[in-house]
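Data block for structure_16.cif (mmCIF, C-alpha atoms):
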```
data_final
loop_
_atom_site.group_PDB
_atom_site.id
_atom_site.type_symbol
_atom_site.label_atom_id
_atom_site.label_comp_id
_atom_site.auth_asym_id
_atom_site.auth_seq_id
_atom_site.Cartn_x
_atom_site.Cartn_y
_atom_site.Cartn_z
ATOM 1 C CA MET A 153 10.107 -2.374 -48.654
ATOM 2 C CA ASN A 154 6.420 -1.494 -48.427
ATOM 3 C CA THR A 155 3.143 -2.963 -49.632
ATOM 4 C CA THR A 156 2.693 -0.315 -52.343
ATOM 5 C CA GLN A 157 5.937 -1.435 -53.961
ATOM 6 C CA LEU A 158 4.803 -5.047 -53.867
ATOM 7 C CA GLU A 159 1.350 -4.251 -55.252
ATOM 8 C CA CYS A 160 2.896 -2.259 -58.106
ATOM 9 C CA PHE A 161 5.367 -5.028 -58.850
ATOM 10 C CA LEU A 162 2.689 -7.733 -58.988
ATOM 11 C CA ALA A 163 0.364 -5.587 -61.110
ATOM 12 C CA VAL A 164 3.104 -4.946 -63.676
ATOM 13 C CA ALA A 165 4.252 -8.580 -63.533
ATOM 14 C CA ASN A 166 0.700 -9.744 -64.277
ATOM 15 C CA SER A 167 0.004 -7.312 -67.128
ATOM 16 C CA LEU A 168 3.560 -6.587 -68.347
ATOM 17 C CA ASN A 169 2.284 -3.084 -68.982
ATOM 18 C CA PHE A 170 2.976 -0.067 -66.759
ATOM 19 C CA SER A 171 -0.014 1.928 -68.024
ATOM 20 C CA ARG A 172 -2.438 -0.915 -67.455
ATOM 21 C CA ALA A 173 -0.997 -1.587 -63.999
ATOM 22 C CA ALA A 174 -1.322 2.108 -63.103
ATOM 23 C CA GLU A 175 -4.953 2.106 -64.192
ATOM 24 C CA GLN A 176 -5.675 -1.023 -62.171
ATOM 25 C CA LEU A 177 -4.086 0.447 -59.059
ATOM 26 C CA ARG A 178 -5.573 3.908 -59.645
ATOM 27 C CA LEU A 179 -2.133 5.473 -59.681
ATOM 28 C CA THR A 180 -0.254 7.475 -62.253
ATOM 29 C CA GLN A 181 2.227 5.687 -64.495
ATOM 30 C CA PRO A 182 5.181 7.735 -63.108
ATOM 31 C CA ALA A 183 4.132 6.720 -59.592
ATOM 32 C CA VAL A 184 4.147 3.037 -60.526
ATOM 33 C CA SER A 185 7.521 3.424 -62.251
ATOM 34 C CA HIS A 186 8.918 5.118 -59.133
ATOM 35 C CA GLN A 187 7.716 2.317 -56.859
ATOM 36 C CA ILE A 188 9.278 -0.330 -59.131
ATOM 37 C CA SER A 189 12.556 1.568 -59.344
ATOM 38 C CA SER A 190 12.755 2.031 -55.568
ATOM 39 C CA LEU A 191 12.019 -1.689 -55.057
ATOM 40 C CA GLU A 192 14.752 -2.643 -57.521
ATOM 41 C CA ASP A 193 17.185 -0.313 -55.749
ATOM 42 C CA GLU A 194 16.339 -1.894 -52.400
ATOM 43 C CA LEU A 195 16.731 -5.449 -53.710
ATOM 44 C CA GLY A 196 19.812 -4.571 -55.739
ATOM 45 C CA VAL A 197 18.538 -6.325 -58.884
ATOM 46 C CA ARG A 198 16.537 -5.517 -62.024
ATOM 47 C CA LEU A 199 13.059 -7.010 -61.876
ATOM 48 C CA PHE A 200 11.948 -5.972 -65.363
ATOM 49 C CA SER A 201 13.642 -5.623 -68.686
ATOM 50 C CA ARG A 202 12.072 -2.571 -70.357
ATOM 51 C CA THR A 203 12.245 -1.303 -73.902
ATOM 52 C CA SER A 204 10.153 1.255 -75.753
ATOM 53 C CA ARG A 205 7.962 -1.561 -77.085
ATOM 54 C CA SER A 206 7.845 -4.237 -74.380
ATOM 55 C CA VAL A 207 8.179 -5.100 -70.685
ATOM 56 C CA ARG A 208 9.269 -8.519 -69.501
ATOM 57 C CA LEU A 209 10.307 -10.066 -66.207
ATOM 58 C CA THR A 210 13.972 -10.802 -65.611
ATOM 59 C CA GLN A 211 15.029 -14.079 -63.989
ATOM 60 C CA GLU A 212 15.244 -12.238 -60.695
ATOM 61 C CA GLY A 213 11.772 -10.842 -61.345
ATOM 62 C CA TYR A 214 10.328 -14.310 -61.932
ATOM 63 C CA LEU A 215 11.861 -15.503 -58.673
ATOM 64 C CA PHE A 216 10.580 -12.512 -56.733
ATOM 65 C CA THR A 217 6.975 -13.057 -57.868
ATOM 66 C CA GLN A 218 6.939 -16.166 -55.680
ATOM 67 C CA TYR A 219 7.776 -14.122 -52.603
ATOM 68 C CA ALA A 220 5.935 -10.870 -53.269
ATOM 69 C CA GLY A 221 2.511 -12.504 -53.330
ATOM 70 C CA GLU A 222 3.211 -14.446 -50.140
ATOM 71 C CA ILE A 223 4.458 -11.340 -48.359
ATOM 72 C CA LEU A 224 1.297 -9.448 -49.300
ATOM 73 C CA ARG A 225 -0.868 -12.363 -48.254
ATOM 74 C CA LEU A 226 0.796 -12.573 -44.848
ATOM 75 C CA PHE A 227 0.507 -8.813 -44.425
ATOM 76 C CA ASN A 228 -3.222 -8.847 -45.157
ATOM 77 C CA VAL A 229 -3.799 -11.796 -42.827
ATOM 78 C CA SER A 230 -1.822 -10.193 -40.009
ATOM 79 C CA ARG A 231 -3.565 -6.849 -40.534
ATOM 80 C CA GLY A 232 -6.940 -8.550 -40.281
ATOM 81 C CA ARG A 233 -5.917 -10.406 -37.128
ATOM 82 C CA VAL A 234 -4.537 -7.256 -35.501
ATOM 83 C CA ARG A 235 -7.675 -5.312 -36.318
ATOM 84 C CA ALA A 236 -9.754 -8.128 -34.855
ATOM 85 C CA VAL A 237 -7.752 -7.864 -31.636
ATOM 86 C CA GLY A 238 -8.492 -4.136 -31.554
ATOM 87 C CA GLU A 239 -12.187 -4.834 -31.937
ATOM 88 C CA ASP A 240 -12.054 -7.455 -29.186
ATOM 89 C CA THR A 241 -10.161 -5.047 -26.915
ATOM 90 C CA ALA A 242 -13.095 -2.666 -27.143
ATOM 91 C CA ARG A 243 -15.186 -5.428 -25.512
ATOM 92 C CA THR A 244 -12.809 -5.966 -22.591
ATOM 93 C CA LEU A 245 -13.004 -4.492 -19.106
ATOM 94 C CA GLY A 246 -9.648 -4.091 -17.369
ATOM 95 C CA ILE A 247 -9.703 -4.355 -13.568
ATOM 96 C CA GLY A 248 -6.689 -4.157 -11.288
ATOM 97 C CA CYS A 249 -6.319 -5.607 -7.789
ATOM 98 C CA ARG A 250 -3.622 -5.385 -5.130
ATOM 99 C CA ASN A 251 -4.088 -8.956 -3.955
ATOM 100 C CA THR A 252 -6.022 -12.108 -4.694
ATOM 101 C CA LEU A 253 -8.448 -11.478 -1.821
ATOM 102 C CA GLU A 254 -9.913 -8.510 -3.692
ATOM 103 C CA LEU A 255 -10.758 -10.888 -6.521
ATOM 104 C CA ARG A 256 -13.347 -12.625 -4.337
ATOM 105 C CA LEU A 257 -15.724 -9.670 -4.317
ATOM 106 C CA LEU A 258 -15.092 -9.040 -8.001
ATOM 107 C CA THR A 259 -15.774 -12.655 -8.941
ATOM 108 C CA ARG A 260 -19.298 -12.603 -7.527
ATOM 109 C CA ALA A 261 -20.153 -9.296 -9.203
ATOM 110 C CA LEU A 262 -18.596 -10.276 -12.526
ATOM 111 C CA GLY A 263 -20.563 -13.510 -12.531
ATOM 112 C CA ARG A 264 -23.803 -11.559 -12.186
ATOM 113 C CA LEU A 265 -22.707 -9.023 -14.796
ATOM 114 C CA ARG A 266 -21.933 -11.778 -17.297
ATOM 115 C CA GLY A 267 -25.507 -12.973 -16.977
ATOM 116 C CA GLU A 268 -26.814 -9.483 -17.744
ATOM 117 C CA SER A 269 -24.315 -8.261 -20.341
ATOM 118 C CA GLU A 270 -22.934 -10.878 -22.665
ATOM 119 C CA GLY A 271 -20.121 -10.059 -25.047
ATOM 120 C CA PHE A 272 -17.558 -8.562 -22.686
ATOM 121 C CA ILE A 273 -14.407 -10.115 -21.221
ATOM 122 C CA PRO A 274 -12.859 -9.067 -17.877
ATOM 123 C CA LEU A 275 -9.080 -8.657 -17.887
ATOM 124 C CA LEU A 276 -7.990 -9.020 -14.265
ATOM 125 C CA ARG A 277 -4.572 -7.822 -13.099
ATOM 126 C CA VAL A 278 -3.020 -8.458 -9.662
ATOM 127 C CA VAL A 279 -0.089 -6.073 -9.209
ATOM 128 C CA PRO A 280 1.346 -3.832 -6.449
ATOM 129 C CA HIS A 281 -0.663 -0.726 -5.616
ATOM 130 C CA ASP A 282 1.828 1.759 -7.085
ATOM 131 C CA SER A 283 1.788 -0.062 -10.407
ATOM 132 C CA LEU A 284 -2.022 -0.147 -10.365
ATOM 133 C CA GLU A 285 -2.139 3.636 -10.183
ATOM 134 C CA MET A 286 -0.080 3.965 -13.350
ATOM 135 C CA LEU A 287 -2.211 1.369 -15.153
ATOM 136 C CA LEU A 288 -5.355 3.287 -14.207
ATOM 137 C CA LEU A 289 -3.995 6.682 -15.239
ATOM 138 C CA ASP A 290 -2.663 5.239 -18.509
ATOM 139 C CA GLY A 291 -6.003 3.632 -19.353
ATOM 140 C CA GLU A 292 -4.673 0.057 -19.122
ATOM 141 C CA ILE A 293 -7.324 -0.755 -16.527
ATOM 142 C CA ALA A 294 -10.736 0.849 -16.054
ATOM 143 C CA MET A 295 -11.110 0.371 -12.310
ATOM 144 C CA MET A 296 -9.227 -0.608 -9.160
ATOM 145 C CA PRO A 297 -10.362 -1.280 -5.569
ATOM 146 C CA THR A 298 -8.717 1.126 -3.147
ATOM 147 C CA PHE A 299 -9.081 3.025 0.096
ATOM 148 C CA ARG A 300 -10.217 6.636 -0.147
ATOM 149 C CA GLU A 301 -6.881 7.948 1.099
ATOM 150 C CA SER A 302 -5.038 5.933 -1.558
ATOM 151 C CA CYS A 303 -7.191 6.988 -4.514
ATOM 152 C CA PRO A 304 -4.904 8.187 -7.344
ATOM 153 C CA LYS A 305 -4.971 11.909 -8.025
ATOM 154 C CA GLY A 306 -7.171 12.676 -11.000
ATOM 155 C CA ALA A 307 -9.322 9.581 -10.512
ATOM 156 C CA VAL A 308 -12.916 9.415 -9.293
ATOM 157 C CA TYR A 309 -13.570 7.579 -6.020
ATOM 158 C CA ARG A 310 -16.772 5.655 -5.235
ATOM 159 C CA GLU A 311 -17.166 4.242 -1.734
ATOM 160 C CA LEU A 312 -18.374 0.652 -1.450
ATOM 161 C CA CYS A 313 -18.302 0.239 2.330
ATOM 162 C CA SER A 314 -16.562 1.291 5.530
ATOM 163 C CA ALA A 315 -13.949 -1.120 6.835
ATOM 164 C CA GLY A 316 -13.132 -1.553 10.491
ATOM 165 C CA VAL A 317 -9.640 -2.224 11.809
ATOM 166 C CA VAL A 318 -9.353 -5.818 13.016
ATOM 167 C CA CYS A 319 -6.771 -8.131 14.505
ATOM 168 C CA ALA A 320 -6.456 -11.472 12.742
ATOM 169 C CA VAL A 321 -5.710 -14.412 15.041
ATOM 170 C CA SER A 322 -5.657 -18.168 14.676
ATOM 171 C CA HIS A 323 -8.714 -20.059 15.908
ATOM 172 C CA GLU A 324 -6.320 -21.661 18.404
ATOM 173 C CA SER A 325 -5.232 -18.299 19.799
ATOM 174 C CA PRO A 326 -6.216 -17.478 23.400
ATOM 175 C CA ALA A 327 -7.799 -14.313 21.993
ATOM 176 C CA ALA A 328 -10.188 -16.246 19.745
ATOM 177 C CA GLY A 329 -13.773 -15.433 20.595
ATOM 178 C CA ARG A 330 -13.023 -11.987 22.039
ATOM 179 C CA GLU A 331 -15.384 -9.168 21.011
ATOM 180 C CA SER A 332 -12.531 -6.648 20.763
ATOM 181 C CA LEU A 333 -8.845 -6.190 21.515
ATOM 182 C CA SER A 334 -6.741 -3.211 22.525
ATOM 183 C CA VAL A 335 -3.331 -2.606 20.982
ATOM 184 C CA GLN A 336 -1.727 -3.520 24.317
ATOM 185 C CA GLU A 337 -3.597 -6.828 24.365
ATOM 186 C CA ILE A 338 -2.491 -7.553 20.803
ATOM 187 C CA CYS A 339 1.125 -6.951 21.827
ATOM 188 C CA ALA A 340 0.715 -9.545 24.560
ATOM 189 C CA LEU A 341 -0.390 -12.222 22.080
ATOM 190 C CA GLY A 342 3.154 -12.866 20.834
ATOM 191 C CA ARG A 343 4.669 -12.488 17.391
ATOM 192 C CA VAL A 344 3.120 -10.046 14.946
ATOM 193 C CA ALA A 345 3.141 -10.264 11.141
ATOM 194 C CA LEU A 346 3.525 -6.933 9.340
ATOM 195 C CA SER A 347 3.080 -5.937 5.706
ATOM 196 C CA ARG A 348 4.881 -3.274 3.700
ATOM 197 C CA PRO A 349 3.723 0.207 4.876
ATOM 198 C CA ASN A 350 2.843 1.433 1.374
ATOM 199 C CA ALA A 351 0.347 -1.425 1.037
ATOM 200 C CA SER A 352 -1.693 -0.336 4.080
ATOM 201 C CA PRO A 353 -3.810 2.718 5.034
ATOM 202 C CA ARG A 354 -2.374 5.178 7.567
ATOM 203 C CA GLU A 355 -4.684 3.918 10.324
ATOM 204 C CA ILE A 356 -3.281 0.406 9.887
ATOM 205 C CA VAL A 357 0.296 1.678 9.758
ATOM 206 C CA ALA A 358 -0.264 3.641 12.988
ATOM 207 C CA VAL A 359 -1.368 0.479 14.818
ATOM 208 C CA GLN A 360 1.494 -1.487 13.258
ATOM 209 C CA ASN A 361 3.955 1.118 14.531
ATOM 210 C CA GLN A 362 2.607 0.645 18.054
ATOM 211 C CA LEU A 363 3.009 -3.101 17.688
ATOM 212 C CA ILE A 364 6.603 -2.686 16.484
ATOM 213 C CA ALA A 365 7.358 -0.532 19.524
ATOM 214 C CA GLY A 366 5.923 -3.240 21.790
ATOM 215 C CA HIS A 367 7.901 -6.127 20.281
ATOM 216 C CA SER A 368 11.516 -7.115 20.034
ATOM 217 C CA PRO A 369 12.860 -7.525 16.455
ATOM 218 C CA GLY A 370 12.802 -11.295 16.819
ATOM 219 C CA ASP A 371 9.053 -11.248 17.429
ATOM 220 C CA ILE A 372 8.230 -9.417 14.169
ATOM 221 C CA ILE A 373 7.613 -11.293 10.909
ATOM 222 C CA PHE A 374 7.751 -9.056 7.845
ATOM 223 C CA CYS A 375 5.507 -10.217 4.985
ATOM 224 C CA GLU A 376 5.430 -9.114 1.354
ATOM 225 C CA SER A 377 1.711 -9.638 0.882
ATOM 226 C CA ILE A 378 -1.589 -9.998 2.674
ATOM 227 C CA GLU A 379 -1.778 -13.602 1.480
ATOM 228 C CA THR A 380 1.474 -14.536 3.240
ATOM 229 C CA GLN A 381 0.355 -12.686 6.365
ATOM 230 C CA LEU A 382 -2.864 -14.680 6.549
ATOM 231 C CA ALA A 383 -1.077 -17.979 5.934
ATOM 232 C CA THR A 384 1.345 -17.182 8.763
ATOM 233 C CA ILE A 385 -1.565 -16.348 11.071
ATOM 234 C CA ALA A 386 -3.627 -19.417 10.152
ATOM 235 C CA ALA A 387 -0.618 -21.589 11.004
ATOM 236 C CA GLY A 388 -0.520 -19.995 14.452
ATOM 237 C CA PHE A 389 2.851 -18.234 14.154
ATOM 238 C CA ALA A 390 1.648 -14.653 14.595
ATOM 239 C CA VAL A 391 -1.221 -12.153 14.653
ATOM 240 C CA ALA A 392 -1.711 -9.143 12.362
ATOM 241 C CA VAL A 393 -3.844 -6.035 11.917
ATOM 242 C CA PHE A 394 -5.959 -5.437 8.800
ATOM 243 C CA ALA A 395 -8.779 -3.335 7.434
ATOM 244 C CA LYS A 396 -11.786 -5.681 7.305
ATOM 245 C CA THR A 397 -12.585 -5.313 3.613
ATOM 246 C CA PRO A 398 -14.863 -7.607 1.594
ATOM 247 C CA GLY A 399 -12.992 -10.803 0.766
ATOM 248 C CA LEU A 400 -10.791 -10.793 3.873
ATOM 249 C CA GLU A 401 -11.597 -14.346 4.912
ATOM 250 C CA LEU A 402 -9.564 -17.470 5.520
ATOM 251 C CA ALA A 403 -10.392 -20.755 7.165
ATOM 252 C CA GLY A 404 -8.737 -20.996 10.569
ATOM 253 C CA VAL A 405 -8.477 -17.219 11.032
ATOM 254 C CA GLU A 406 -10.704 -15.039 13.216
ATOM 255 C CA PHE A 407 -10.984 -11.252 12.859
ATOM 256 C CA ILE A 408 -11.482 -9.268 16.072
ATOM 257 C CA PRO A 409 -12.173 -5.470 16.101
ATOM 258 C CA VAL A 410 -9.336 -3.312 17.418
ATOM 259 C CA GLU A 411 -10.369 -0.789 20.046
ATOM 260 C CA ASP A 412 -9.983 2.988 19.595
ATOM 261 C CA THR A 413 -9.516 2.852 15.828
ATOM 262 C CA THR A 414 -11.338 4.667 13.028
ATOM 263 C CA ARG A 415 -13.261 2.943 10.254
ATOM 264 C CA LEU A 416 -11.806 3.343 6.765
ATOM 265 C CA SER A 417 -13.575 4.220 3.520
ATOM 266 C CA TYR A 418 -13.092 1.406 1.013
ATOM 267 C CA GLY A 419 -14.236 1.595 -2.599
ATOM 268 C CA VAL A 420 -13.108 1.773 -6.200
ATOM 269 C CA ALA A 421 -11.254 4.328 -8.295
ATOM 270 C CA TYR A 422 -11.834 4.972 -11.982
ATOM 271 C CA MET A 423 -11.214 7.710 -14.538
ATOM 272 C CA ALA A 424 -14.251 9.849 -15.336
ATOM 273 C CA ASP A 425 -13.915 9.364 -19.099
ATOM 274 C CA GLU A 426 -13.783 5.552 -18.636
ATOM 275 C CA LEU A 427 -17.172 5.301 -16.902
ATOM 276 C CA THR A 428 -19.056 3.253 -19.482
ATOM 277 C CA PRO A 429 -22.555 1.849 -18.787
ATOM 278 C CA LEU A 430 -20.896 -1.555 -18.253
ATOM 279 C CA LEU A 431 -18.481 -0.202 -15.661
ATOM 280 C CA ARG A 432 -21.246 1.783 -13.965
ATOM 281 C CA ARG A 433 -23.308 -1.399 -13.636
ATOM 282 C CA LEU A 434 -20.349 -3.349 -12.251
ATOM 283 C CA ILE A 435 -19.672 -0.699 -9.611
ATOM 284 C CA GLY A 436 -23.325 -0.818 -8.609
ATOM 285 C CA MET A 437 -23.097 -4.585 -8.199
ATOM 286 C CA LEU A 438 -19.909 -4.258 -6.144
ATOM 287 C CA ALA A 439 -21.638 -1.742 -3.875
ATOM 288 C CA ALA A 440 -24.558 -4.152 -3.358
ATOM 289 C CA GLU A 441 -22.212 -7.055 -2.604
ATOM 290 C CA SER A 442 -20.187 -4.905 -0.190
ATOM 291 C CA ALA A 443 -23.326 -3.762 1.628
ATOM 292 C CA LYS A 444 -24.305 -7.402 2.227
ATOM 293 C CA TYR A 445 -20.801 -8.173 3.433
ATOM 294 C CA GLU A 446 -20.798 -5.162 5.785
ATOM 295 C CA ARG A 447 -24.128 -6.201 7.320
ATOM 296 C CA ASN A 448 -22.777 -9.676 7.971
#
```

Represent the structure contained in this file as structure tokens.
Amino acid sequence: MNTTQLECFLAVANSLNFSRAAEQLRLTQPAVSHQISSLEDELGVRLFSRTSRSVRLTQEGYLFTQYAGEILRLFNVSRGRVRAVGEDTARTLGIGCRNTLELRLLTRALGRLRGESEGFIPLLRVVPHDSLEMLLLDGEIAMMPTFRESCPKGAVYRELCSAGVVCAVSHESPAAGRESLSVQEICALGRVALSRPNASPREIVAVQNQLIAGHSPGDIIFCESIETQLATIAAGFAVAVFAKTPGLELAGVEFIPVEDTTRLSYGVAYMADELTPLLRRLIGMLAAESAKYERN
């Protein structure tokens, strides 16, 4: 069943004249007759009783008029709503993050952007990094924070800041207050909390591998996310190594630079054809926020 069949049926039912209905719908009379016949075949009933001199509704036809108009009404309402969603989607800005900490930097920039550019809505997604890549390449999101080495192939990378490698310790740790720590000194601090390798840059993974080699299995706590790592550290159960990116903050946790490590390029990735003026402005704001964070 399709809307053309319903429109033809209602036009004929209202005028009881195929020629007049065809004229009203700007169709040919054979086309209207075909639509009515195909509708009758689909329903398995005769909707009109036709003679050479008159057209009248059958009992089934009278009954169907109650439903045909409602079906068309619902179709038109739903079509309007769906189109409205499409128009609203054009005003959205999809942004993907690997963890909730990355939302902190975005929140400040988005708040400023809302004051400058009304009429857009941010759609924020927090999903694993591998899934973010697919969302970016498929156009589901317009931008994602990332390290340079993890930028998806085919995407454009814009650096926001350089991130040092740090060891996160509890404020109650004996290492709290130190200006820097070597990997050997970190090993001596006790248990270490590690994240999944594919969620960390190679420089972080290299330090983590050294920590694994310096610990027995019972002294290693494997965590699924950066949030659970930080919670474990704040509670004093372990230490961990991170890239000190904007937003990496938690009450009760201190971040100490790790000696003999290389700073990492941290920024955002986007597709060249998705760089709208709105996205360009947001990236500029993120760069300004990151610069302030890096200076502090």

Straight-line distance linking atom CA of A:Gly291 with atom CA of A:Tyr422, stated in Å to one decimal: 9.5 Å

Contact residues around A:Ile373 with only C-alpha atoms at 7 Å, ignoring same-chain residues under 4 positions, as a short mmCIF file (atom, residue, chain, number, x, y, z; two decimals) with C-alpha atoms, in the frame of the given file:
```cif
data_model
loop_
_atom_site.label_atom_id
_atom_site.label_comp_id
_atom_site.auth_asym_id
_atom_site.auth_seq_id
_atom_site.Cartn_x
_atom_site.Cartn_y
_atom_site.Cartn_z
CA VAL A 344 3.12 -10.05 14.95
CA ALA A 345 3.14 -10.26 11.14
CA LEU A 346 3.52 -6.93 9.34
#
```

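Among the candidate residues A:Gly271, A:Leu245, A:Glu337, A:Cys375, the one lying nearest to A:Gln362 is A:Glu337, with distances computed using all atoms listed in the file.
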
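Nearest to A:Ile435 of all the residues A:Arg310, A:Arg343, A:His323, A:Arg205 is A:Arg310, based on all atoms listed in the file.
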
Atom CA of A:Leu177 and atom CA of A:Thr155 are how many Å apart? 12.4 Å

Tell me, as a PyMOL selection string, which residues lie within 9 Å of A:Ala424, counting only C-alpha atoms; anything in the same chain fewer than 5 positions away does not count. chain A and resi 306-308

Please enumerate the residues selected by the PyMOL selection byres ((chain A and resi 161) around 12) when evaluated against the supplied file, formatted as a ChimeraX atom specification. /A:153-160,162-170,173-174,177,183-192,198-200,208-209,213-214,216-221,224

I need the output of the PyMOL selection byres ((chain A and resi 303) around 12) for this file as JSON, numbers by chain; which residues are they? {"A": [281, 282, 284, 285, 286, 288, 289, 295, 296, 297, 298, 299, 300, 301, 302, 304, 305, 306, 307, 308, 309, 310, 311, 353, 417, 418, 419, 420, 421, 422, 423]}
